[in-house]
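This is entry-v9.csv (CSV, C-alpha atoms).
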chain,number,residue,atom,x,y,z
T,1,MET,CA,-19.1,-31.3,-61.2
T,2,VAL,CA,-17.3,-28.0,-61.5
T,3,ARG,CA,-13.8,-28.1,-60.1
T,4,MET,CA,-12.3,-25.0,-58.6
T,5,PRO,CA,-8.8,-24.2,-59.6
T,6,ARG,CA,-6.2,-25.1,-57.0
T,7,ARG,CA,-5.2,-21.5,-56.3
T,8,GLN,CA,-8.8,-20.5,-55.7
T,9,VAL,CA,-9.3,-23.4,-53.4
T,10,PHE,CA,-6.5,-22.4,-51.1
T,11,GLY,CA,-7.6,-18.7,-51.3
T,12,PHE,CA,-11.1,-19.7,-50.3
T,13,VAL,CA,-9.9,-21.9,-47.4
T,14,GLY,CA,-7.5,-19.1,-46.2
T,15,ALA,CA,-10.3,-16.5,-46.2
T,16,LEU,CA,-12.6,-18.8,-44.4
T,17,ALA,CA,-10.0,-19.5,-41.7
T,18,ALA,CA,-9.3,-15.8,-41.3
T,19,THR,CA,-13.1,-15.1,-41.0
T,20,SER,CA,-13.5,-17.9,-38.4
T,21,ALA,CA,-10.7,-16.5,-36.3
T,22,LEU,CA,-12.2,-13.0,-36.0
T,23,PRO,CA,-14.6,-13.8,-33.1
T,24,ALA,CA,-11.8,-15.6,-31.2
T,25,LEU,CA,-9.5,-12.6,-31.6
T,26,ALA,CA,-12.3,-10.3,-30.4
T,27,GLN,CA,-12.9,-12.4,-27.4
T,28,THR,CA,-9.2,-12.3,-26.3
T,29,ALA,CA,-8.9,-8.5,-26.5
T,30,PHE,CA,-8.2,-7.2,-23.0
T,31,PRO,CA,-10.3,-5.9,-21.3
T,32,SER,CA,-13.5,-7.3,-22.8
T,33,ARG,CA,-15.5,-7.2,-19.5
T,34,PRO,CA,-15.4,-5.3,-16.2
T,35,ILE,CA,-12.3,-5.5,-14.0
T,36,LYS,CA,-12.7,-6.0,-10.2
T,37,LEU,CA,-10.4,-4.0,-8.0
T,38,ILE,CA,-10.5,-5.4,-4.5
T,39,VAL,CA,-9.7,-3.1,-1.6
T,40,PRO,CA,-8.8,-5.3,1.4
T,41,HIS,CA,-9.9,-2.7,4.0
T,42,ALA,CA,-13.1,-0.9,5.1
T,43,PRO,CA,-14.3,2.1,3.2
T,44,GLY,CA,-12.8,5.5,4.0
T,45,GLY,CA,-9.2,4.7,4.4
T,46,ASN,CA,-6.2,5.5,2.2
T,47,SER,CA,-6.4,2.4,0.1
T,48,ASP,CA,-10.2,2.8,-0.4
T,49,THR,CA,-9.9,6.4,-1.5
T,50,PHE,CA,-7.0,5.6,-3.7
T,51,GLY,CA,-8.8,2.6,-5.2
T,52,ARG,CA,-11.8,4.6,-6.1
T,53,ILE,CA,-9.8,7.5,-7.7
T,54,LEU,CA,-7.8,5.0,-9.7
T,55,ALA,CA,-10.9,3.0,-10.7
T,56,GLN,CA,-12.6,6.0,-12.1
T,57,LYS,CA,-9.6,7.1,-14.2
T,58,LEU,CA,-8.8,3.6,-15.4
T,59,SER,CA,-12.4,3.0,-16.5
T,60,GLU,CA,-12.2,6.1,-18.6
T,61,ARG,CA,-8.9,5.0,-20.2
T,62,LEU,CA,-9.9,1.4,-20.8
T,63,ASN,CA,-13.5,2.2,-21.9
T,64,GLN,CA,-14.4,-0.6,-19.5
T,65,GLN,CA,-15.9,-0.5,-16.0
T,66,VAL,CA,-13.5,-1.0,-13.1
T,67,VAL,CA,-15.5,-2.0,-10.0
T,68,VAL,CA,-14.2,-1.4,-6.5
T,69,GLU,CA,-15.1,-4.1,-3.9
T,70,ASN,CA,-14.3,-3.7,-0.2
T,71,ARG,CA,-13.4,-6.9,1.6
T,72,ALA,CA,-12.1,-6.1,5.0
T,73,GLY,CA,-10.8,-8.6,7.6
T,74,ALA,CA,-7.6,-9.9,9.2
T,75,GLY,CA,-5.6,-6.8,8.3
T,76,GLY,CA,-6.3,-7.2,4.6
T,77,THR,CA,-5.0,-10.8,4.4
T,78,LEU,CA,-8.4,-12.4,3.7
T,79,ALA,CA,-9.0,-10.3,0.5
T,80,SER,CA,-5.4,-10.8,-0.6
T,81,ALA,CA,-5.7,-14.6,-0.2
T,82,LEU,CA,-8.9,-14.4,-2.3
T,83,VAL,CA,-7.1,-12.6,-5.1
T,84,ALA,CA,-4.2,-15.0,-5.0
T,85,LYS,CA,-6.6,-17.8,-5.8
T,86,SER,CA,-8.4,-16.0,-8.6
T,87,ALA,CA,-8.3,-16.7,-12.3
T,88,PRO,CA,-5.0,-15.4,-13.8
T,89,ASP,CA,-6.7,-13.3,-16.5
T,90,GLY,CA,-6.2,-9.8,-15.2
T,91,TYR,CA,-9.8,-9.2,-14.3
T,92,THR,CA,-9.3,-9.5,-10.5
T,93,LEU,CA,-6.8,-7.2,-8.9
T,94,VAL,CA,-6.0,-6.0,-5.3
T,95,VAL,CA,-4.8,-2.8,-3.8
T,96,ALA,CA,-1.9,-4.3,-1.8
T,97,ASP,CA,0.0,-2.4,0.9
T,98,ASN,CA,3.1,-2.9,3.1
T,99,GLY,CA,0.7,-4.4,5.8
T,100,THR,CA,-0.7,-7.1,3.6
T,101,HIS,CA,2.5,-7.9,1.7
T,102,ALA,CA,5.5,-6.9,3.8
T,103,ILE,CA,4.4,-7.1,7.5
T,104,ALA,CA,1.9,-10.0,7.1
T,105,PRO,CA,4.4,-12.8,6.2
T,106,THR,CA,6.2,-12.5,9.5
T,107,LEU,CA,3.2,-11.4,11.6
T,108,TYR,CA,1.0,-14.3,10.5
T,109,GLY,CA,3.7,-16.8,9.8
T,110,ALA,CA,2.4,-20.2,8.8
T,111,LYS,CA,-1.2,-19.0,9.2
T,112,LEU,CA,-0.9,-16.7,6.2
T,113,ALA,CA,-2.7,-18.3,3.2
T,114,TYR,CA,-0.4,-16.9,0.5
T,115,ASP,CA,3.2,-16.4,-0.4
T,116,VAL,CA,3.8,-12.7,-1.3
T,117,PHE,CA,6.5,-13.7,-3.8
T,118,LYS,CA,4.9,-16.7,-5.5
T,119,ASP,CA,1.2,-16.1,-5.3
T,120,PHE,CA,0.9,-12.7,-7.0
T,121,THR,CA,1.7,-11.0,-10.2
T,122,PRO,CA,3.2,-7.5,-9.5
T,123,ILE,CA,1.6,-4.9,-11.6
T,124,THR,CA,2.9,-1.6,-10.2
T,125,LEU,CA,4.1,0.2,-7.1
T,126,ALA,CA,1.3,2.8,-7.4
T,127,ALA,CA,1.9,5.4,-4.7
T,128,THR,CA,3.9,6.0,-1.5
T,129,PHE,CA,2.9,8.0,1.6
T,130,ALA,CA,4.7,9.2,4.7
T,131,THR,CA,4.0,8.2,8.3
T,132,VAL,CA,4.3,11.0,10.9
T,133,ILE,CA,5.4,10.4,14.5
T,134,MET,CA,3.7,13.0,16.6
T,135,ILE,CA,3.7,13.8,20.3
T,136,HIS,CA,1.3,15.6,22.7
T,137,PRO,CA,2.1,19.3,23.3
T,138,SER,CA,2.7,18.6,27.0
T,139,VAL,CA,5.8,16.7,26.2
T,140,PRO,CA,8.8,19.0,26.8
T,141,ALA,CA,10.7,18.1,23.7
T,142,GLN,CA,10.7,20.2,20.5
T,143,THR,CA,12.9,18.0,18.4
T,144,ALA,CA,13.4,14.3,17.8
T,145,PRO,CA,16.9,14.3,19.5
T,146,ALA,CA,15.4,16.1,22.5
T,147,PHE,CA,12.6,13.5,22.7
T,148,VAL,CA,15.2,10.7,22.6
T,149,ALA,CA,17.1,12.3,25.4
T,150,LEU,CA,13.9,12.6,27.4
T,151,ALA,CA,12.9,9.0,26.8
T,152,LYS,CA,16.3,7.8,27.9
T,153,SER,CA,16.2,9.8,31.1
T,154,GLN,CA,12.8,8.2,31.9
T,155,PRO,CA,13.0,4.6,30.8
T,156,GLY,CA,9.6,2.9,30.8
T,157,LYS,CA,7.6,6.0,31.7
T,158,LEU,CA,6.6,7.4,28.2
T,159,THR,CA,3.8,5.7,26.4
T,160,TYR,CA,2.7,5.4,22.8
T,161,SER,CA,-0.5,4.3,21.2
T,162,SER,CA,-1.1,2.3,18.0
T,163,ALA,CA,-4.0,1.0,15.9
T,164,GLY,CA,-3.2,-2.5,17.2
T,165,THR,CA,-0.4,-4.9,17.9
T,166,GLY,CA,1.5,-5.6,14.7
T,167,ASN,CA,-0.2,-2.7,12.9
T,168,GLY,CA,2.0,-0.4,10.8
T,169,SER,CA,1.6,2.4,13.4
T,170,HIS,CA,3.0,0.0,16.1
T,171,LEU,CA,5.9,-1.2,14.0
T,172,THR,CA,6.8,2.3,12.8
T,173,VAL,CA,7.4,3.3,16.4
T,174,GLU,CA,9.3,0.0,16.9
T,175,LEU,CA,11.6,1.0,14.1
T,176,PHE,CA,12.1,4.5,15.7
T,177,ARG,CA,12.8,3.0,19.1
T,178,ALA,CA,15.4,0.6,17.7
T,179,ALA,CA,17.1,3.3,15.6
T,180,ALA,CA,17.2,5.7,18.6
T,181,GLY,CA,19.2,3.2,20.6
T,182,GLY,CA,16.5,1.0,22.1
T,183,LEU,CA,14.2,3.4,23.8
T,184,GLU,CA,12.2,1.9,26.6
T,185,MET,CA,8.6,3.0,26.1
T,186,VAL,CA,5.2,1.4,26.9
T,187,HIS,CA,3.0,0.3,24.0
T,188,VAL,CA,-0.7,0.8,24.4
T,189,PRO,CA,-2.6,-0.9,21.5
T,190,TYR,CA,-6.1,0.2,20.5
T,191,LYS,CA,-8.7,-1.4,18.2
T,192,GLY,CA,-8.2,1.0,15.3
T,193,GLY,CA,-6.4,4.2,14.3
T,194,ALA,CA,-9.2,6.6,15.5
T,195,PRO,CA,-9.1,5.6,19.2
T,196,ALA,CA,-5.3,5.6,19.1
T,197,ILE,CA,-5.2,9.2,17.9
T,198,GLN,CA,-7.9,10.2,20.4
T,199,ALA,CA,-5.7,8.8,23.2
T,200,LEU,CA,-2.9,11.1,22.1
T,201,LEU,CA,-5.2,14.1,21.8
T,202,ALA,CA,-6.5,13.5,25.3
T,203,GLY,CA,-3.0,13.2,26.7
T,204,GLU,CA,-3.5,9.6,27.7
T,205,VAL,CA,-0.3,8.7,25.8
T,206,GLN,CA,2.6,10.8,24.8
T,207,LEU,CA,3.3,9.6,21.2
T,208,THR,CA,1.7,7.9,18.2
T,209,ALA,CA,2.4,7.3,14.5
T,210,VAL,CA,-0.2,7.9,11.7
T,211,SER,CA,-0.3,8.5,8.0
T,212,VAL,CA,0.4,12.1,7.0
T,213,ASN,CA,-3.1,12.9,5.8
T,214,THR,CA,-4.5,11.8,9.1
T,215,ALA,CA,-1.9,13.7,11.1
T,216,LEU,CA,-2.2,17.0,9.1
T,217,PRO,CA,-5.4,18.5,10.5
T,218,HIS,CA,-4.3,17.8,14.1
T,219,ILE,CA,-0.9,19.3,13.5
T,220,GLN,CA,-2.4,22.4,11.8
T,221,ALA,CA,-4.8,22.8,14.7
T,222,GLY,CA,-1.9,22.8,17.2
T,223,LYS,CA,-3.4,19.8,19.0
T,224,VAL,CA,-0.2,17.7,18.5
T,225,ARG,CA,3.4,18.3,17.5
T,226,ALA,CA,5.1,16.5,14.6
T,227,LEU,CA,8.3,14.9,15.9
T,228,GLY,CA,9.5,13.8,12.4
T,229,VAL,CA,8.6,12.0,9.2
T,230,ALA,CA,9.3,8.3,9.4
T,231,SER,CA,10.1,8.0,5.7
T,232,SER,CA,13.1,8.3,3.4
T,233,LYS,CA,12.0,11.7,2.1
T,234,ARG,CA,10.1,14.7,3.5
T,235,SER,CA,6.4,14.7,2.7
T,236,PRO,CA,5.1,17.3,0.3
T,237,ALA,CA,2.2,17.7,2.6
T,238,LEU,CA,4.5,18.6,5.5
T,239,PRO,CA,7.6,20.1,3.9
T,240,GLU,CA,8.7,21.8,7.0
T,241,VAL,CA,8.9,18.6,9.1
T,242,PRO,CA,12.3,16.8,8.8
T,243,THR,CA,12.8,13.1,8.4
T,244,PHE,CA,14.3,11.3,11.4
T,245,ALA,CA,17.3,10.5,9.3
T,246,GLU,CA,18.0,14.3,9.0
T,247,ASN,CA,18.2,14.3,12.8
T,248,GLY,CA,20.6,11.4,13.0
T,249,ILE,CA,18.0,8.7,13.7
T,250,ALA,CA,18.3,6.7,10.5
T,251,PHE,CA,15.4,4.4,9.7
T,252,ASP,CA,13.0,4.1,6.8
T,253,GLY,CA,9.3,3.5,7.5
T,254,ASP,CA,8.0,4.2,4.0
T,255,SER,CA,4.5,3.1,3.4
T,256,TRP,CA,3.0,2.2,0.0
T,257,LEU,CA,0.1,1.1,-2.1
T,258,ALA,CA,0.5,-1.3,-5.0
T,259,ILE,CA,-1.6,-3.1,-7.6
T,260,MET,CA,-1.2,-6.9,-7.8
T,261,GLY,CA,-3.1,-9.8,-9.4
T,262,PRO,CA,-3.0,-13.6,-9.1
T,263,PRO,CA,0.0,-15.5,-10.3
T,264,GLY,CA,0.3,-16.4,-14.0
T,265,ILE,CA,-1.3,-13.3,-15.6
T,266,PRO,CA,-0.1,-13.3,-19.2
T,267,ALA,CA,2.8,-10.9,-19.9
T,268,ASP,CA,0.9,-8.9,-22.4
T,269,VAL,CA,-2.0,-8.3,-20.0
T,270,THR,CA,0.4,-7.4,-17.2
T,271,ALA,CA,2.1,-4.9,-19.5
T,272,LYS,CA,-1.3,-3.4,-20.6
T,273,LEU,CA,-2.4,-3.0,-17.0
T,274,ASN,CA,0.9,-1.4,-16.0
T,275,GLN,CA,0.8,1.0,-18.9
T,276,GLU,CA,-2.8,2.1,-18.4
T,277,ILE,CA,-2.6,2.3,-14.6
T,278,ALA,CA,0.6,4.4,-14.8
T,279,ALA,CA,-0.9,6.7,-17.3
T,280,ALA,CA,-4.0,7.1,-15.2
T,281,LEU,CA,-1.9,7.9,-12.1
T,282,ARG,CA,0.2,10.4,-13.9
T,283,GLU,CA,-2.7,12.5,-15.1
T,284,PRO,CA,-2.4,16.0,-13.4
T,285,GLU,CA,-5.9,15.7,-12.0
T,286,THR,CA,-5.2,12.3,-10.5
T,287,ARG,CA,-1.9,13.5,-8.9
T,288,GLU,CA,-3.7,16.5,-7.4
T,289,ARG,CA,-6.5,14.4,-5.9
T,290,LEU,CA,-4.0,11.9,-4.5
T,291,ALA,CA,-1.8,14.6,-3.1
T,292,LYS,CA,-4.8,15.8,-1.0
T,293,ILE,CA,-4.7,12.6,0.9
T,294,GLY,CA,-0.9,12.5,1.2
T,295,LEU,CA,-0.1,10.1,-1.6
T,296,VAL,CA,2.8,10.6,-3.9
T,297,VAL,CA,2.5,8.8,-7.3
T,298,ALA,CA,5.1,6.2,-8.0
T,299,ALA,CA,3.7,4.3,-11.0
T,300,SER,CA,6.7,1.9,-11.3
T,301,PRO,CA,7.1,-1.0,-13.7
T,302,PRO,CA,6.3,-4.5,-12.4
T,303,GLU,CA,9.9,-5.2,-11.6
T,304,GLY,CA,10.1,-2.1,-9.5
T,305,LEU,CA,7.4,-3.4,-7.2
T,306,ALA,CA,9.1,-6.8,-7.0
T,307,GLU,CA,12.3,-5.0,-5.8
T,308,VAL,CA,10.3,-3.2,-3.1
T,309,LEU,CA,9.0,-6.5,-1.8
T,310,LYS,CA,12.5,-7.9,-1.6
T,311,ARG,CA,13.6,-4.9,0.4
T,312,ASP,CA,10.6,-4.5,2.7
T,313,VAL,CA,9.6,-8.0,3.7
T,314,PRO,CA,12.8,-8.5,5.7
T,315,LYS,CA,12.8,-4.9,7.0
T,316,TRP,CA,9.3,-5.1,8.4
T,317,GLY,CA,9.8,-8.7,9.4
T,318,THR,CA,12.6,-7.6,11.7
T,319,ALA,CA,10.4,-5.0,13.3
T,320,VAL,CA,7.7,-7.6,13.9
T,321,LYS,CA,10.2,-10.0,15.5
T,322,ASP,CA,11.7,-7.3,17.7
T,323,SER,CA,8.3,-6.2,18.8
T,324,GLY,CA,7.2,-9.7,19.7
T,325,ALA,CA,3.9,-9.1,17.9
T,326,VAL,CA,1.9,-12.2,16.8
T,327,ALA,CA,-1.3,-12.3,14.9
T,328,ASP,CA,-4.4,-13.7,16.7

Go through the file and emit its structure as structure tokens.
Amino acid sequence: MVRMPRRQVFGFVGALAATSALPALAQTAFPSRPIKLIVPHAPGGNSDTFGRILAQKLSERLNQQVVVENRAGAGGTLASALVAKSAPDGYTLVVADNGTHAIAPTLYGAKLAYDVFKDFTPITLAATFATVIMIHPSVPAQTAPAFVALAKSQPGKLTYSSAGTGNGSHLTVELFRAAAGGLEMVHVPYKGGAPAIQALLAGEVQLTAVSVNTALPHIQAGKVRALGVASSKRSPALPEVPTFAENGIAFDGDSWLAIMGPPGIPADVTAKLNQEIAAALREPETRERLAKIGLVVAASPPEGLAEVLKRDVPKWGTAVKDSGAVAD
């Protein structure tokens, strides 16, 4: 029997081990298969349009397909709960928003099937958008302070519509009412944003709150009048419209879209996703496409999103409690 020198034996074993490890290393490379990006709302809205723009760019960067899947229901909480229980491998993500992750904890209470702090891995605060509070042209008030004075002179007579009790449009007006000194107005909830806007256009109500991209065509057509931007900064889409804070009515109704995954995603996968999503969002073409629907790119690190949650859950929770809204 021919004996192999000791040095050669170890060299052979080492080479064999390295060769055997190659398939395992290839299998763990991320991403090695399509990524599912769940949009928790019906097609056509802000989160859906955003998700599809991001999915296209991210697919190009990762050289791997990113598939958008719409799963509407219960204000986006059903899809969010599904993602929270998914495998923590980075292949299932959700387009979260302040409705699903800042309003829902208080609105749904014990009925909510997830904990926004414990059951998700923050990836990035992707984009922000302004909410505009607008009034019917028949209302004799040209500015926010003038409207406040009018409402105070007619307690309980002015009405406002929303996309539903506990919806962001409802709670944004609640923040405004509280900041203005407790305005007494009548809330008229509708089943969706479209009928709520139609009610304002028809003069059935005097006020409503909607996202800037939805408000823009009606404002430009002169069918409604923008009272103010319910956000911390003016919207690039409506630069001439002041924030309410600029008129001495200080409140922050900033809305946002974020990317999250289930808890326990490995740190390297989280970092990879954050890096590639941020790069995709910062591309000039992406910024331009998002700007057309009123979105401003944020592309924060994961900890930036975590800080937003810490700030917004109590803020929107207070608005929910003050409004008396309870989910069905």

Would you compute the distance between CA of Leu281 (chain T) and CA of Arg71 (chain T)? Give it in Å to one decimal.
23.2 Å

Can you list, as a list of chain:residue names, every protein, DNA or RNA residue that comes within 9 Å of region 84-90 of chain T when you count only C-alpha atoms, leaving out same-chain residues fewer than 2 positions away?
T:Phe30, T:Pro31, T:Ile35, T:Ala79, T:Ser80, T:Ala81, T:Leu82, T:Thr92, T:Leu93, T:Ala113, T:Tyr114, T:Asp115, T:Asp119, T:Phe120, T:Thr121, T:Gly261, T:Pro262, T:Pro263, T:Gly264, T:Ile265, T:Pro266, T:Val269, T:Thr270, T:Leu273

Mind dumping the selected residues with C-alpha atoms as an mmCIF file, in the coordinates of the input?
data_model
loop_
_atom_site.group_PDB
_atom_site.id
_atom_site.type_symbol
_atom_site.label_atom_id
_atom_site.label_comp_id
_atom_site.auth_asym_id
_atom_site.auth_seq_id
_atom_site.Cartn_x
_atom_site.Cartn_y
_atom_site.Cartn_z
ATOM 1 C CA PHE T 30 -8.200 -7.200 -23.000
ATOM 2 C CA PRO T 31 -10.300 -5.900 -21.300
ATOM 3 C CA ILE T 35 -12.300 -5.500 -14.000
ATOM 4 C CA ALA T 79 -9.000 -10.300 0.500
ATOM 5 C CA SER T 80 -5.400 -10.800 -0.600
ATOM 6 C CA ALA T 81 -5.700 -14.600 -0.200
ATOM 7 C CA LEU T 82 -8.900 -14.400 -2.300
ATOM 8 C CA THR T 92 -9.300 -9.500 -10.500
ATOM 9 C CA LEU T 93 -6.800 -7.200 -8.900
ATOM 10 C CA ALA T 113 -2.700 -18.300 3.200
ATOM 11 C CA TYR T 114 -0.400 -16.900 0.500
ATOM 12 C CA ASP T 115 3.200 -16.400 -0.400
ATOM 13 C CA ASP T 119 1.200 -16.100 -5.300
ATOM 14 C CA PHE T 120 0.900 -12.700 -7.000
ATOM 15 C CA THR T 121 1.700 -11.000 -10.200
ATOM 16 C CA GLY T 261 -3.100 -9.800 -9.400
ATOM 17 C CA PRO T 262 -3.000 -13.600 -9.100
ATOM 18 C CA PRO T 263 0.000 -15.500 -10.300
ATOM 19 C CA GLY T 264 0.300 -16.400 -14.000
ATOM 20 C CA ILE T 265 -1.300 -13.300 -15.600
ATOM 21 C CA PRO T 266 -0.100 -13.300 -19.200
ATOM 22 C CA VAL T 269 -2.000 -8.300 -20.000
ATOM 23 C CA THR T 270 0.400 -7.400 -17.200
ATOM 24 C CA LEU T 273 -2.400 -3.000 -17.000
#

Who sits within 8 Å of region 127-143 of chain T, all atoms listed in the file, same chain under 5 positions skipped, as a count of residues only:
38

For a quick check of understanding, using all atoms listed in the file, which of T:Val116, T:Ile293, T:Arg177, T:Glu276 has the smallest distance to Gln64 (chain T)?
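Smallest distance to Gln64 (chain T) is found for T:Glu276.
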
Residue neighbourhood Leu305 (chain T), 8 Å, all atoms listed in the file, exclusion window fewer than 6 positions, as a ChimeraX atom specification:
/T:122-125,258

Between CA of Asn46 (chain T) and CA of Gly193 (chain T), what is the distance in Å, rounded to a tenth?
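Atom-to-atom, CA of Asn46 (chain T) to CA of Gly193 (chain T), that is 12.2 Å.
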
Enter the distance from CA of Leu216 (chain T) to CA of Lys292 (chain T), in Å, rounded to one decimal.
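Value for the CA of Leu216 (chain T)-CA of Lys292 (chain T) distance: 10.5 Å.
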
Nearest-residue call for Ala306 (chain T), choices T:Ala102, T:Val95, T:Ala245, T:Ala149, using all atoms listed in the file:
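Result for the nearest residue to Ala306 (chain T): T:Ala102.
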
Nearest to Ala291 (chain T), restricted to only C-alpha atoms and choosing among T:Leu37, T:Leu238, T:Ile197, T:Val67, comes out as T:Leu238

Nearest-residue call for Tyr190 (chain T), choices T:Thr214, T:Thr49, T:Asn167, T:Ser161, using only C-alpha atoms:
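So, comparing all the options, the nearest one is T:Ser161.
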
Near-Val39 (chain T) list (10 Å; all atoms listed in the file; drop same-chain fewer than 2 positions) as number ranges by chain:
T: 36-37, 41-43, 45, 47-52, 68-72, 76, 79-80, 93-96

Considering all atoms listed in the file, state which residue in the set T:Gly248, T:Gly166, T:Pro302, T:Pro239 is at the smallest distance from Asp322 (chain T).
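Checking each candidate against Asp322 (chain T), we get T:Gly166 as the closest.
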
I'd like the contact shell of Ala179 (chain T) - 8 Å cut-off, all atoms listed in the file, skipping same-chain residues fewer than 6 positions apart - returned as a count of residues only.
3

Between T:Lys315, T:Ser32, T:Arg289, T:Ile38, single out the one closest to Asn63 (chain T), counting only C-alpha atoms.
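Once distances to Asn63 (chain T) are computed over only C-alpha atoms, the minimum belongs to T:Ser32.
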
In the coordinate frame of the file, compute which residues have an atom within 12 Å of (-1.2, 6.3, 32.0) when using all atoms listed in the file, and state them as a ChimeraX atom specification.
/T:156-161,185-188,199-200,202-206

Saving region 258-275 of chain T with C-alpha atoms, as a compact mmCIF listing (two decimals), in the first residue's frame, what would that file be?
# COMPACT_ATOMS: atom_id res chain seq x y z
CA ALA T 258 -41.77 51.69 4.71
CA ILE T 259 -40.33 48.27 3.95
CA MET T 260 -40.40 45.65 6.70
CA GLY T 261 -39.92 41.93 7.03
CA PRO T 262 -40.66 39.28 9.66
CA PRO T 263 -38.66 39.27 12.90
CA GLY T 264 -35.26 37.61 12.96
CA ILE T 265 -33.96 38.41 9.48
CA PRO T 266 -30.15 38.02 9.64
CA ALA T 267 -28.26 41.29 10.01
CA ASP T 268 -26.33 40.81 6.77
CA VAL T 269 -29.52 40.22 4.78
CA THR T 270 -31.17 43.27 6.40
CA ALA T 271 -28.13 45.37 5.52
CA LYS T 272 -28.15 44.07 1.92
CA LEU T 273 -31.85 44.86 1.51
CA ASN T 274 -31.47 48.32 3.03
CA GLN T 275 -28.50 49.14 0.83
